[in-house]
Amino acid sequence: MNNELLKQDYFELFGLTPNYQINLNELQNKLRTLQRQYHPDNFAAEGAEVINQALVISSQINQAYTTLSEALARAIYLLQLQGVVVDLVHGTKFSSEFLMTQIELREQISEAEDSRDFDGLEQIEQNLQHESAIIIAKIGELFITANYAEITELVKQLAFYKKLEQLVANILGSL
Amino acid sequence: MALLQIAEPDMSGVPHQHNVAIGIDLGTTNSLVATVKSGEATVLCDSNGSRLIPSIVNYGNDKLSVGHEALKLRISDPANTLVSIKRFMGRGFADLDPDVVYPYKFTAKSDANIQINTRAGIKNPIAVSADILTYLRKLAVESLGEEPSGVVITVPAYFDDAQRQATKYAGELAGLKVLRLLNEPTAAAIAYGLDNKQDGTFLVYDLGGGTLDVSILRLNQGVFEVLSVSGDTQLGGDDFDHRLYCYILEKSNLSQLTDEDTAQLLSRAKLLKEQLAEKEKVAFSAVLSNKRIVNLTITRAEYETIVKYLVQKTIQPLKKALRDAKLDKDQVDEIIMVGGSTRMLAIRQAVTEFFGRAPLTSINPDEVVAIGAGIQADILVGNKKDDWLLLDVMPLSLGVETMGGLVEKIIPRNSTIPVVRAQDFTTYKDGQTAMSVHVVQGERELVKDCRSLAKFTLRGIPPMVAGQARIRISYQIDADGLLSVQAKEMTRGVVAQIEVKPSYGLNDEQIGAMLQASISHASEDIQQRQYQEALVDARAILDSVEKALIADADLLDEAELTQINHACMKLRIAIEQKPLELDSAGKKIRQLVEELNQATDSFAAKRMDKAINQALTGKEIADIDN
């Protein structure tokens with residue numbers, strides 16, 4: 001089996017040039033092609049060693065797909081390829097305006113949750129997705145001019161919105 | 001002795017081209033085995049000609065009964081007749097529904113793990129499942145004439161790691177090579193996908209005896225992708241039976257039933273439910289052990305009212321699965337109904353109402369999962385190349401415990417598997433050489449609301465200043481959805497590396513005992529096989545010596561003839577005796593075969609000479625040179 005695959009970066013693995021703009025259909029088709037080749041089920045009749053190797057490669061392919069298909073993860077990964085490490089936990093300074101918006105959004109969410117307001121939550125979800133889309137578009141522009149410092153700040157903001165989206169999705173799923 | 005045995009060239013060594021593989025639907029209520037024979041998936045029958053094998057085990061005085069035989073003992077011997085054992089797989093006492101009455105003698109509730117006292121000793125759910133699987137394996141061997149080279153066992157998509165591990169372990173205990181654990185709805189989609197071979201999005205609604213699974217799958221260019229799974233591990237047909245049973249008690253003012261009566265009424269309730277799928281009104285009557293007669297009539301409308309809550313509860317996971325797959329109801333091309341409980345009209349109506357169109361039911365809902373598993377097993381052993389590939393997902397999120405009993409998610413649910421994620425930790429004290437890691441599975445934020453999978457302590461971290469050590473923990477989920485964890489200290493290379501397999505609710509001692517038991521069974525099996533092989537060899541050599549004597553006895557002098565006849569007689573006596581002990585009997589036969597071999601050595605040489613002389617007679621010298 002091809003161990004060289006494990007040394008490639010995610011874009012190389014999927015036969016793409018590193019770029020923030022990505023064609024999701026193309027990515028999906030490539031995922032299928034790669035998994036048809038390397039998924040452990042293709043080797044079920046073989047020995048444990050071969051299956052294990054397929055497991056490692058197949059996991060890597062899935063990991064690459066997940067990273068490239070998600071706007072936030074893709075931005076962080078691209079920055080990393082440029083030698084910029086994003087620390088989402090530490091050293092983050094947000095404007096007080098941004099923090100206020102976050103607090104308000106959290107309040108809205110927990111109110112809607114308490115009153116089991118399904119429609120309200122779906123509205124909030126849409127708003128969050130809209131906000132995310134705006135940030136993602138900005139990140140895309142900034143990658144063209146390689147403005148990594150500003151991208152890093154936007155990535156941190158996007159992480160906040162994505163976290164809220166996840167929270168709302170979980171609440172909606174459990175209502 | 002080879003010289004005496006002259007085999008027909010085209011009789012021997014037929015190459016084994018087709019690997020026999022089986023798919024097993026290990027259900028809560030019934031189990032099935034399917035295989036692909038000459039390109040066609042078929043469900044195998046037991047000796048009664050039945051395809052549905054009740055997932056029931058009875059531990060009798062000196063007899064183990066499984067399937068229909070065990071079912072017959074359910075009412076007379078409820079304490080030793082274990083039913084719906086799948087519900088206990090990978091579970092502890094704390095997980096049991098306190099409202100459900102079980103006729104079993106559980107061991108002390110203080111034990112974390114479910115164990116049942118039976119006449120044949122303490123049994124845990126894995127051992128009981130292994131007994132069912134062994135029965136199914138033997139059924140397959142009888143029907144196919146050989147041991148299957150591999151098996152695919154289906155599990156509810158919503159099974160967590162502990163439940164999957166327990167199932168795989170039961171398969172191994174039963175002596176099966178488990179190629180894959182396959183999610184039941186995925187298996188069903190395979191069975192239908194084969195029929196249609198059409199790209200599209202399928203929603204599978206699988207209501208079995210004990211669990212509800214909802215999966216959304218997409219078939220696209222030969223790849224089956226599971227988009228989302230949802231469900232309820234504690235909701236199934238049994239709950240409908242139980243609801244009906246409670247209703248019977250209520251209506252007849254019954255309480256304080258004996259175990260036998262409980263078992264009787266429960267199985268009658270199940271029958272009643274099945275009849276109500278076909279009739280508007282069913283009369284019910286039963287005689288209890290105190291001779292009291294219970295008589296009542298139940299209408300379908302009445303039944304549908306009392307189970308309305310349960311029916312509605314099954315719709316919730318549909319919404320969740322659609323949300324997770326980011327799909328609208330209208331984007332689902334086909335709805336597939338699986339599981340005997342989907343015969344209930346109330347269920348079909350509720351699903352039809354939800355989607356605004358009728359679901360697919362053309363394949364028998366009891367058999368569709370086994371058929372899909374059989375097809376997948378056939379593909380996995382390599383009988384069918386390039387058919388399709390399955391990309392499954394994790395049903396539940398995986399996380400680790402962080403400060404304050406909170407869960408940090410590492411792999412979110414519905415991630416495509418196999419998947420590996422690494423996480424780096426550091427030490428928080430100077431010179432710290434150990435750290436604890438607690439892995440959990442579930443969607444909730446608090447550790448106490450999730451299922452604990454593995455707790456381990458990583459030792460041997462080289463002492464360093466706080467915050468300097470870097471420990472990378474990797475969580476690997478394989479294609480069966482099973483977890484293994486690896487930890488590595490990064491700064492000084494591979495210093496501390498461990499691999500953790502979650503103990504799925506069994507302690508080391510229990511696992512050891514079960515392994516021991518399976519090994520001793522295995523050695524019994526090996527002895528049996530060796531004895532059988534010795535018998536076959538002995539019969540073959542006797543046969544060939546007899547034939548040689550008929551043809552060429554004149555080549556021997558009287559002493560030689562007596563010696564050969566004597567050796568033959570001793571061997572014949574040995575193989576006709578019923579063996580007291582397999583191991584020694586097999587060895588004895590082998591020894592006598594060897595003696596006969598030696599006695600016929602010179603006879604073989606003489607026959608060879610004669611054959612060569614005959615071959616040479618009448619041939620030209622030139623021919624021999626060639």
# chains A, B, ... in the order shown; residues from 1 in each chain; ligands from 1
>>> interface_residues(of="chain B", to="chain A", cutoff="9 Å", atoms="only C-alpha atoms", output="PyMOL selection string")
chain B and resi 150+179-180+220-223+316-317+319-321+323-324+379-382+385-386+388-391+415-421+443+476-479
>>> write_last_selection(atoms="N, CA, C and O atoms", output="short mmCIF file (atom, residue, chain, number, x, y, z; two decimals), in the first residue's frame")
data_model
loop_
_atom_site.label_atom_id
_atom_site.label_comp_id
_atom_site.auth_asym_id
_atom_site.auth_seq_id
_atom_site.Cartn_x
_atom_site.Cartn_y
_atom_site.Cartn_z
N GLY B 150 -15.98 -16.22 6.96
CA GLY B 150 -16.12 -14.93 7.63
C GLY B 150 -17.59 -14.60 7.83
O GLY B 150 -18.46 -15.19 7.19
N LEU B 179 -15.85 -10.23 10.12
CA LEU B 179 -15.28 -9.35 9.10
C LEU B 179 -15.68 -7.92 9.35
O LEU B 179 -14.94 -6.99 9.08
N ARG B 180 -16.89 -7.74 9.88
CA ARG B 180 -17.41 -6.40 9.99
C ARG B 180 -18.65 -6.41 10.86
O ARG B 180 -19.43 -7.34 10.80
N ASN B 220 -24.22 6.79 -4.33
CA ASN B 220 -23.72 7.66 -5.39
C ASN B 220 -22.50 7.01 -6.01
O ASN B 220 -21.51 6.77 -5.32
N GLN B 221 -22.56 6.70 -7.25
CA GLN B 221 -21.44 6.12 -8.01
C GLN B 221 -20.76 4.98 -7.25
O GLN B 221 -19.55 4.98 -7.07
N GLY B 222 -21.56 4.05 -6.79
CA GLY B 222 -20.99 2.87 -6.16
C GLY B 222 -20.52 3.07 -4.74
O GLY B 222 -19.92 2.17 -4.15
N VAL B 223 -20.74 4.25 -4.16
CA VAL B 223 -20.37 4.44 -2.77
C VAL B 223 -21.64 4.71 -1.96
O VAL B 223 -22.42 5.60 -2.28
N GLN B 316 -39.74 11.29 16.46
CA GLN B 316 -38.72 12.26 16.86
C GLN B 316 -37.36 12.01 16.19
O GLN B 316 -36.79 12.93 15.61
N PRO B 317 -36.84 10.76 16.25
CA PRO B 317 -35.53 10.51 15.62
C PRO B 317 -35.51 10.77 14.11
O PRO B 317 -34.45 11.03 13.55
N LYS B 319 -36.86 13.34 12.61
CA LYS B 319 -36.55 14.77 12.46
C LYS B 319 -35.09 15.03 12.72
O LYS B 319 -34.44 15.79 12.02
N LYS B 320 -34.58 14.35 13.74
CA LYS B 320 -33.18 14.56 14.11
C LYS B 320 -32.25 14.09 12.97
O LYS B 320 -31.29 14.77 12.63
N ALA B 321 -32.57 12.93 12.41
CA ALA B 321 -31.73 12.40 11.33
C ALA B 321 -31.74 13.34 10.14
O ALA B 321 -30.71 13.58 9.51
N ARG B 323 -32.32 16.58 10.16
CA ARG B 323 -31.55 17.77 10.54
C ARG B 323 -30.06 17.52 10.39
O ARG B 323 -29.34 18.32 9.81
N ASP B 324 -29.61 16.39 10.94
CA ASP B 324 -28.18 16.08 10.90
C ASP B 324 -27.67 15.92 9.46
O ASP B 324 -26.53 16.24 9.16
N ILE B 379 -19.21 -9.77 -0.37
CA ILE B 379 -18.29 -8.80 -0.97
C ILE B 379 -16.97 -8.78 -0.19
O ILE B 379 -15.89 -8.78 -0.77
N LEU B 380 -17.07 -8.81 1.14
CA LEU B 380 -15.86 -8.67 1.96
C LEU B 380 -14.91 -9.86 1.84
O LEU B 380 -13.71 -9.68 1.97
N VAL B 381 -15.42 -11.06 1.63
CA VAL B 381 -14.49 -12.19 1.46
C VAL B 381 -13.94 -12.25 0.03
O VAL B 381 -13.18 -13.15 -0.30
N GLY B 382 -14.34 -11.29 -0.76
CA GLY B 382 -13.71 -11.16 -2.07
C GLY B 382 -14.40 -11.93 -3.18
O GLY B 382 -13.81 -12.15 -4.23
N LYS B 385 -15.94 -8.33 -6.57
CA LYS B 385 -15.05 -7.16 -6.50
C LYS B 385 -15.76 -5.95 -7.08
O LYS B 385 -16.64 -6.08 -7.92
N ASP B 386 -15.34 -4.79 -6.62
CA ASP B 386 -15.81 -3.54 -7.20
C ASP B 386 -17.31 -3.42 -7.22
O ASP B 386 -17.88 -2.96 -8.20
N TRP B 388 -19.57 -2.19 -4.35
CA TRP B 388 -19.72 -0.86 -3.78
C TRP B 388 -18.95 -0.79 -2.50
O TRP B 388 -18.49 -1.78 -1.96
N LEU B 389 -18.81 0.40 -2.03
CA LEU B 389 -18.08 0.63 -0.81
C LEU B 389 -19.01 1.32 0.16
O LEU B 389 -19.82 2.16 -0.22
N LEU B 390 -18.88 0.97 1.42
CA LEU B 390 -19.71 1.57 2.45
C LEU B 390 -18.91 2.58 3.23
O LEU B 390 -17.84 2.26 3.74
N LEU B 391 -19.42 3.78 3.33
CA LEU B 391 -18.78 4.75 4.20
C LEU B 391 -19.74 5.05 5.35
O LEU B 391 -20.72 5.76 5.16
N SER B 415 -19.45 11.69 12.17
CA SER B 415 -18.19 11.77 11.43
C SER B 415 -18.03 10.47 10.65
O SER B 415 -18.30 9.40 11.17
N THR B 416 -17.54 10.59 9.41
CA THR B 416 -17.33 9.38 8.60
C THR B 416 -16.19 8.56 9.20
O THR B 416 -15.18 9.11 9.62
N ILE B 417 -16.40 7.25 9.28
CA ILE B 417 -15.37 6.37 9.84
C ILE B 417 -14.74 5.53 8.73
O ILE B 417 -15.39 5.30 7.71
N PRO B 418 -13.52 5.05 8.88
CA PRO B 418 -12.67 5.18 10.07
C PRO B 418 -12.18 6.61 10.26
O PRO B 418 -12.09 7.37 9.30
N VAL B 419 -11.85 6.92 11.49
CA VAL B 419 -11.38 8.27 11.76
C VAL B 419 -10.37 8.22 12.89
O VAL B 419 -10.46 7.36 13.78
N VAL B 420 -9.40 9.12 12.83
CA VAL B 420 -8.44 9.22 13.92
C VAL B 420 -8.31 10.69 14.29
O VAL B 420 -8.35 11.56 13.42
N ARG B 421 -8.28 10.96 15.57
CA ARG B 421 -8.06 12.33 16.03
C ARG B 421 -7.01 12.30 17.13
O ARG B 421 -7.02 11.40 17.97
N GLU B 443 -23.74 12.81 23.80
CA GLU B 443 -23.91 14.17 23.29
C GLU B 443 -23.97 15.23 24.39
O GLU B 443 -23.95 16.41 24.12
N GLN B 476 -8.56 6.30 17.78
CA GLN B 476 -8.79 5.69 16.48
C GLN B 476 -10.12 4.94 16.50
O GLN B 476 -10.35 4.09 17.35
N ILE B 477 -11.00 5.30 15.57
CA ILE B 477 -12.24 4.56 15.41
C ILE B 477 -12.11 3.77 14.11
O ILE B 477 -11.83 4.35 13.06
N ASP B 478 -12.30 2.45 14.18
CA ASP B 478 -12.14 1.66 12.95
C ASP B 478 -13.46 1.59 12.18
O ASP B 478 -14.44 2.23 12.56
N ALA B 479 -13.46 0.82 11.11
CA ALA B 479 -14.64 0.78 10.24
C ALA B 479 -15.85 0.15 10.92
O ALA B 479 -16.98 0.32 10.47
#
>>> residues_around(residues="B:Val128", least_positions_apart="5", cutoff="8 Å", atoms="only C-alpha atoms", output="ChimeraX atom specification")
/B:57,82,85,123
>>> write_last_selection(atoms="N, CA and C atoms", output="mmCIF file, in the first residue's frame")
data_model
loop_
_atom_site.group_PDB
_atom_site.id
_atom_site.type_symbol
_atom_site.label_atom_id
_atom_site.label_comp_id
_atom_site.auth_asym_id
_atom_site.auth_seq_id
_atom_site.Cartn_x
_atom_site.Cartn_y
_atom_site.Cartn_z
ATOM 1 N N VAL B 57 -32.262 -18.351 24.676
ATOM 2 C CA VAL B 57 -31.421 -19.445 25.146
ATOM 3 C C VAL B 57 -32.021 -19.986 26.438
ATOM 4 N N LEU B 82 -33.531 -17.113 28.675
ATOM 5 C CA LEU B 82 -33.149 -15.713 28.517
ATOM 6 C C LEU B 82 -33.598 -15.190 27.156
ATOM 7 N N ILE B 85 -31.892 -10.640 25.087
ATOM 8 C CA ILE B 85 -30.620 -10.426 25.779
ATOM 9 C C ILE B 85 -29.835 -9.274 25.145
ATOM 10 N N LYS B 123 -24.395 -16.208 33.965
ATOM 11 C CA LYS B 123 -24.210 -15.904 32.543
ATOM 12 C C LYS B 123 -24.243 -14.393 32.345
#
>>> residues_around(residues="A:Leu154", least_positions_apart="3", cutoff="10 Å", atoms="only C-alpha atoms", output="list in words")
Leu72, Ala75, Ile135, Ile136, Lys138, Ile139, Leu142, Tyr148, Ala149, Glu150, Ile151, Gln157, Leu158, Ala159 and Phe160 of chain A
>>> residues_around(residues="B:Ile410", least_positions_apart="2", cutoff="9 Å", atoms="only C-alpha atoms", output="PyMOL selection string")
chain B and resi 397-400+408+412+421-423+475
